[in-house]
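S.K.: This is the structure I have questions about; it appears just below.
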Amino acid sequence: MGAATQDRVWASREPHADKCWFTSPATGGIIAILELRSIIACMIPRRLLSRVTTALAEVPAVAILGPRQVGKTTLALTVAATRPSLYLDLESEPDRAKLAAPEQYLAQHADKLVILDEIQRVPQLFQSLRGLIDRGRREGRAKGRFLVLGSASIDLLKQSSESLAGRIRYLELSPLDAGEVGYERLDALWLRGGFPESLLAPSDAASLRWRTDFIRTYLERDIPQLGPRIPAETLRRLWTMLAHSQGGLLNAAALARSLAVDGKTVARYLDLLVDLLLVRRLPPWHANVRKRLVKSPKVYVRDSGLVHALLGILDHEALLAHPVAGASWEGMAIESLIAAAPLGTQAYFFRSAAGAEIDLLLQRPGERRPWAIEIKRGLAPKVDRGFHAACTIVEPLRRCVVYSGGERFPLGEGVEVFPLPELCTELAA
């Protein structure tokens with residue numbers, strides 16, 4: 001076996017085995033053991049894989065940011081399987097010890113892709129990476145040196161932007177979306193959300209238990225590590241309030257009163273959840289139009305499965321009977337469409353004081369006008385006058401409706417109806 005082959009991270013699974021070992025001789029042993037369900041998740045093609053490969057061919061460092069358990073390590077190991085690689089888990093004491101003198105240690109692996117997992121645990125590494133990247137540029141080894149993974153903490157973004165400006169590209173890995181899982185798994189995606197272990201759990205009850213544990217772990221362990229000290233129960237109450245008002249306009253004053261804190265504190269808590277990619281603030285369309293427009297953002301808990309866990313919704317029957325059902329489906333559709341859109345796409349909603357409204361506007365790079373998208377959960381979608389009135393103001397490039405059915409068809413007046421996975425594919429083209 002050649003040296004280059006020996007340095008590759010490879011995956012193997014015995015027939016009928018329930019685990020898979022990712023092993024790297026370069027690191028001297030097993031670096032990750034994943035449940036079979038996670039391996040099945042690997043088999044669902046991740047859209048970001050091609051973007052990571054492209055970025056590594058163009059810039060020295062690539063950062064994959066996303067919540068815990070979203071599949072960042074699995075994606076990185078998939079990339080590592082294609083080239084000589086070194087993997088270091090910075091939550092592991094032995095791996096952190098190797099980086100006591102980071103420039104000397106990493107210089108020994110200049111011919112490999114270096115993967116640094118949980119980079120926010122050692123943010124001072126960014127300064128060392130800068131020196132190694134600049135030295136590599138002088139020696140003609142400028143591209144694809146480092147792949148760093150981490151939860152999108154404020155410190156991570158600050159450290160990397162200061163130290164690696166012009167040397168790093170950020171990519172966001174979201175939970176699995178409708179375009180990735182397809183129409184057959186769409187109902188499961190809506191109920192359970194897109195975190196792989198939740199989506200692929202053996203039962204709805206097991207999935208809910210996983211999400212409940214995920215929320216508790218984030219509140220009690222991960223958020224205190226990643227941001228300022230915030231009482232876990234207060235943050236849980238805020239998260240639950242946001243789930244109850246899924247897709248509603250932000251009313252910081254009402255949230256502050258309910259939590260018995262001031263408005264600035266609510267803003268700080270909300271900023272943290274947004275920075276950790278757990279909550280989305282969808283801004284209003286800001287084009288210079290002479291109309292009275294709503295100026296507050298809409299707020300969504302980004303994963304529909306977390307919405308349902310926060311509200312104690314176990315199965316589809318309970319979900320369909322719950323008042324949040326429509327807003328929950330809308331949030332899942334919005335996350336899927338934004339994830340599928342090309343890099344650099346800007347997302348908005350539109351609402352005027354007169355009632356003209358568009359659920360989602362997507363401004364793709366290089367296009368002067370946005371796509372207007374109306375989101376419907378039923379099987380017989382109709383578009384009301386408010387959508388047409390809003391389109392008259394915005395003048396979108398395309399007028400689309402997404403729904404829970406499986407057939408594409410025209411609706412008249414330039415509007416086309418799409419199954420959600422198919423519009424994801426159309427946007428990505």
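How things are named: the first chain in the structure tokens is A, the next is B, and so on; residues count from 1 in each chain; ligands count from 1 in the order shown.
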From a DSSP pass on the backbone, collect the residues of range 64-294 of chain A flagged as strand (DSSP E or B) and hand them back as a count of residues only.

M.R.: 31

S.K.: I want to know what sits within 10 Å of Ser207 in chain A, based on only C-alpha atoms, with residues of the same chain fewer than 3 positions away left out; could you give that as a ChimeraX atom specification?

M.R.: /A:191-193,195-204,210-213,305,309,314-315

S.K.: List the neighbours of Lys264 in chain A out to 10 Å using only C-alpha atoms; skip same-chain residues closer than 4 positions along the sequence, and give me the result as a list of chain:residue names.

M.R.: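 After dropping sequence-adjacent residues, the list is A:Ala252, A:Ala253, A:Ala256, A:Arg268, A:Tyr269, A:Leu270.
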
S.K.: From a backbone DSSP assignment, name each residue in range 239-369 of chain A labelled alpha helix (DSSP H), as a short mmCIF file (atom, residue, chain, number, x, y, z; two decimals) with N, CA and C atoms, in the first residue's frame.

M.R.:
data_model
loop_
_atom_site.label_atom_id
_atom_site.label_comp_id
_atom_site.auth_asym_id
_atom_site.auth_seq_id
_atom_site.Cartn_x
_atom_site.Cartn_y
_atom_site.Cartn_z
N TRP A 239 -37.00 29.94 23.55
CA TRP A 239 -37.03 29.03 22.40
C TRP A 239 -38.44 28.48 22.22
N THR A 240 -39.10 28.13 23.32
CA THR A 240 -40.47 27.60 23.25
C THR A 240 -41.45 28.67 22.79
N MET A 241 -41.29 29.90 23.26
CA MET A 241 -42.14 31.00 22.79
C MET A 241 -41.99 31.21 21.29
N LEU A 242 -40.77 31.13 20.81
CA LEU A 242 -40.54 31.29 19.37
C LEU A 242 -41.20 30.17 18.59
N ALA A 243 -41.18 28.95 19.15
CA ALA A 243 -41.84 27.82 18.48
C ALA A 243 -43.35 28.04 18.42
N HIS A 244 -43.95 28.54 19.51
CA HIS A 244 -45.38 28.82 19.52
C HIS A 244 -45.75 29.87 18.48
N ALA A 252 -40.24 42.01 20.14
CA ALA A 252 -39.27 41.88 21.23
C ALA A 252 -39.85 42.35 22.55
N ALA A 253 -40.70 43.37 22.51
CA ALA A 253 -41.27 43.89 23.76
C ALA A 253 -42.16 42.84 24.43
N ALA A 254 -42.96 42.14 23.63
CA ALA A 254 -43.83 41.10 24.20
C ALA A 254 -43.00 39.94 24.77
N LEU A 255 -41.94 39.55 24.07
CA LEU A 255 -41.07 38.50 24.57
C LEU A 255 -40.40 38.92 25.88
N ALA A 256 -39.97 40.19 25.94
CA ALA A 256 -39.31 40.68 27.14
C ALA A 256 -40.26 40.66 28.33
N ARG A 257 -41.51 41.05 28.11
CA ARG A 257 -42.47 41.02 29.21
C ARG A 257 -42.72 39.60 29.69
N SER A 258 -42.83 38.66 28.76
CA SER A 258 -43.09 37.27 29.15
C SER A 258 -41.92 36.66 29.92
N LEU A 259 -40.71 37.08 29.59
CA LEU A 259 -39.52 36.54 30.24
C LEU A 259 -39.09 37.34 31.46
N GLY A 263 -35.69 44.58 26.94
CA GLY A 263 -35.62 44.34 25.50
C GLY A 263 -34.22 44.04 25.01
N LYS A 264 -33.21 44.70 25.60
CA LYS A 264 -31.83 44.45 25.18
C LYS A 264 -31.41 43.01 25.49
N THR A 265 -31.89 42.48 26.60
CA THR A 265 -31.55 41.10 26.97
C THR A 265 -32.18 40.12 25.99
N VAL A 266 -33.44 40.36 25.63
CA VAL A 266 -34.09 39.51 24.63
C VAL A 266 -33.32 39.56 23.32
N ALA A 267 -32.92 40.75 22.90
CA ALA A 267 -32.17 40.90 21.65
C ALA A 267 -30.86 40.11 21.72
N ARG A 268 -30.21 40.13 22.88
CA ARG A 268 -28.94 39.40 23.03
C ARG A 268 -29.18 37.90 22.96
N TYR A 269 -30.22 37.42 23.63
CA TYR A 269 -30.53 35.99 23.59
C TYR A 269 -30.87 35.55 22.17
N LEU A 270 -31.67 36.37 21.50
CA LEU A 270 -32.08 36.02 20.14
C LEU A 270 -30.88 36.04 19.19
N ASP A 271 -29.99 37.02 19.36
CA ASP A 271 -28.78 37.07 18.53
C ASP A 271 -27.97 35.79 18.69
N LEU A 272 -27.89 35.27 19.91
CA LEU A 272 -27.12 34.05 20.15
C LEU A 272 -27.74 32.87 19.41
N LEU A 273 -29.07 32.72 19.49
CA LEU A 273 -29.73 31.61 18.80
C LEU A 273 -29.59 31.74 17.28
N VAL A 274 -29.58 32.97 16.78
CA VAL A 274 -29.38 33.18 15.35
C VAL A 274 -27.94 32.83 14.96
N ASP A 275 -26.97 33.28 15.77
CA ASP A 275 -25.56 32.99 15.48
C ASP A 275 -25.27 31.49 15.50
N SER A 304 -37.88 22.16 11.79
CA SER A 304 -39.27 21.87 12.17
C SER A 304 -39.34 20.81 13.26
N GLY A 305 -38.42 19.86 13.27
CA GLY A 305 -38.42 18.84 14.31
C GLY A 305 -38.20 19.43 15.69
N LEU A 306 -37.34 20.46 15.77
CA LEU A 306 -37.14 21.12 17.06
C LEU A 306 -38.38 21.90 17.48
N VAL A 307 -39.08 22.50 16.52
CA VAL A 307 -40.35 23.16 16.83
C VAL A 307 -41.29 22.17 17.52
N HIS A 308 -41.42 21.01 16.92
CA HIS A 308 -42.37 20.02 17.44
C HIS A 308 -41.91 19.45 18.79
N ALA A 309 -40.60 19.30 18.97
CA ALA A 309 -40.11 18.81 20.26
C ALA A 309 -40.36 19.85 21.35
N LEU A 310 -40.13 21.12 21.05
CA LEU A 310 -40.37 22.18 22.03
C LEU A 310 -41.84 22.25 22.43
N HIS A 316 -47.68 12.53 13.55
CA HIS A 316 -48.38 13.31 12.52
C HIS A 316 -49.80 13.66 12.94
N GLU A 317 -50.47 12.76 13.62
CA GLU A 317 -51.84 13.04 14.04
C GLU A 317 -51.88 14.24 14.98
N ALA A 318 -50.96 14.28 15.93
CA ALA A 318 -50.89 15.41 16.86
C ALA A 318 -50.47 16.68 16.13
N LEU A 319 -49.59 16.55 15.16
CA LEU A 319 -49.13 17.72 14.42
C LEU A 319 -50.25 18.33 13.60
N LEU A 320 -51.01 17.51 12.90
CA LEU A 320 -52.08 18.03 12.05
C LEU A 320 -53.17 18.71 12.87
N ALA A 325 -49.25 23.84 12.83
CA ALA A 325 -48.98 22.99 11.66
C ALA A 325 -48.64 23.79 10.41
N GLY A 326 -49.47 24.77 10.08
CA GLY A 326 -49.22 25.54 8.86
C GLY A 326 -47.92 26.31 8.91
N ALA A 327 -47.66 26.98 10.03
CA ALA A 327 -46.42 27.75 10.15
C ALA A 327 -45.20 26.84 10.19
N SER A 328 -45.36 25.66 10.78
CA SER A 328 -44.26 24.71 10.83
C SER A 328 -43.89 24.24 9.42
N TRP A 329 -44.90 23.90 8.61
CA TRP A 329 -44.63 23.47 7.24
C TRP A 329 -44.00 24.61 6.44
N GLU A 330 -44.48 25.83 6.65
CA GLU A 330 -43.90 26.99 5.97
C GLU A 330 -42.44 27.15 6.34
N GLY A 331 -42.12 27.00 7.63
CA GLY A 331 -40.72 27.13 8.05
C GLY A 331 -39.84 26.07 7.42
N MET A 332 -40.32 24.82 7.36
CA MET A 332 -39.54 23.76 6.72
C MET A 332 -39.29 24.08 5.25
N ALA A 333 -40.33 24.57 4.57
CA ALA A 333 -40.19 24.91 3.15
C ALA A 333 -39.19 26.04 2.96
N ILE A 334 -39.26 27.05 3.80
CA ILE A 334 -38.34 28.19 3.68
C ILE A 334 -36.90 27.73 3.88
N GLU A 335 -36.65 26.92 4.90
CA GLU A 335 -35.29 26.44 5.13
C GLU A 335 -34.79 25.61 3.96
N SER A 336 -35.64 24.76 3.41
CA SER A 336 -35.25 23.91 2.29
C SER A 336 -34.91 24.75 1.06
N LEU A 337 -35.72 25.75 0.78
CA LEU A 337 -35.52 26.57 -0.42
C LEU A 337 -34.27 27.44 -0.29
N ILE A 338 -34.05 28.00 0.89
CA ILE A 338 -32.85 28.81 1.10
C ILE A 338 -31.60 27.94 0.99
N ALA A 339 -31.65 26.73 1.55
CA ALA A 339 -30.51 25.83 1.48
C ALA A 339 -30.20 25.42 0.04
N ALA A 340 -31.24 25.28 -0.78
CA ALA A 340 -31.04 24.83 -2.15
C ALA A 340 -30.57 25.94 -3.07
#

S.K.: Residues within 9 Å of Arg130 in chain A, please, as an MDAnalysis selection string. Count only C-alpha atoms; anything in the same chain fewer than 4 positions from it doesn't count.

M.R.: chainID A and resid 125:126 134:135 163:164 167

S.K.: Atoms to include: C-alpha atoms. Write the selected residues as a PDB file, in the first residue's frame.

M.R.:
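Once written, again.pdb looks like this:
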ATOM      1  CA  LEU A 125      -5.298  28.368  16.271  1.00  0.00           C
ATOM      2  CA  PHE A 126      -6.487  30.812  13.637  1.00  0.00           C
ATOM      3  CA  ASP A 134       1.037  32.479   3.960  1.00  0.00           C
ATOM      4  CA  ARG A 135       4.088  30.227   4.029  1.00  0.00           C
ATOM      5  CA  SER A 163      -6.958  36.261  11.317  1.00  0.00           C
ATOM      6  CA  LEU A 164      -7.900  34.679   7.984  1.00  0.00           C
ATOM      7  CA  ARG A 167      -7.928  33.236   3.080  1.00  0.00           C
TER       8      ARG A 167
END

S.K.: Pick from A:Asp187, A:Glu162, A:Glu58, A:Glu416: nearest to Arg141 in chain A, with only C-alpha atoms counted?

M.R.: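 Distance minimum relative to Arg141 in chain A lands on A:Glu58.
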
S.K.: Between A:Ala353, A:Ile115, A:Leu282, A:Leu277, which one has atoms that come closest to Val294 in chain A, using only C-alpha atoms?

M.R.: A:Ala353

S.K.: Which residue gives the smallest distance to Ser92 in chain A among A:Arg137, A:Val122, A:Leu173, A:Ala178, with only C-alpha atoms counted?

M.R.: A:Val122
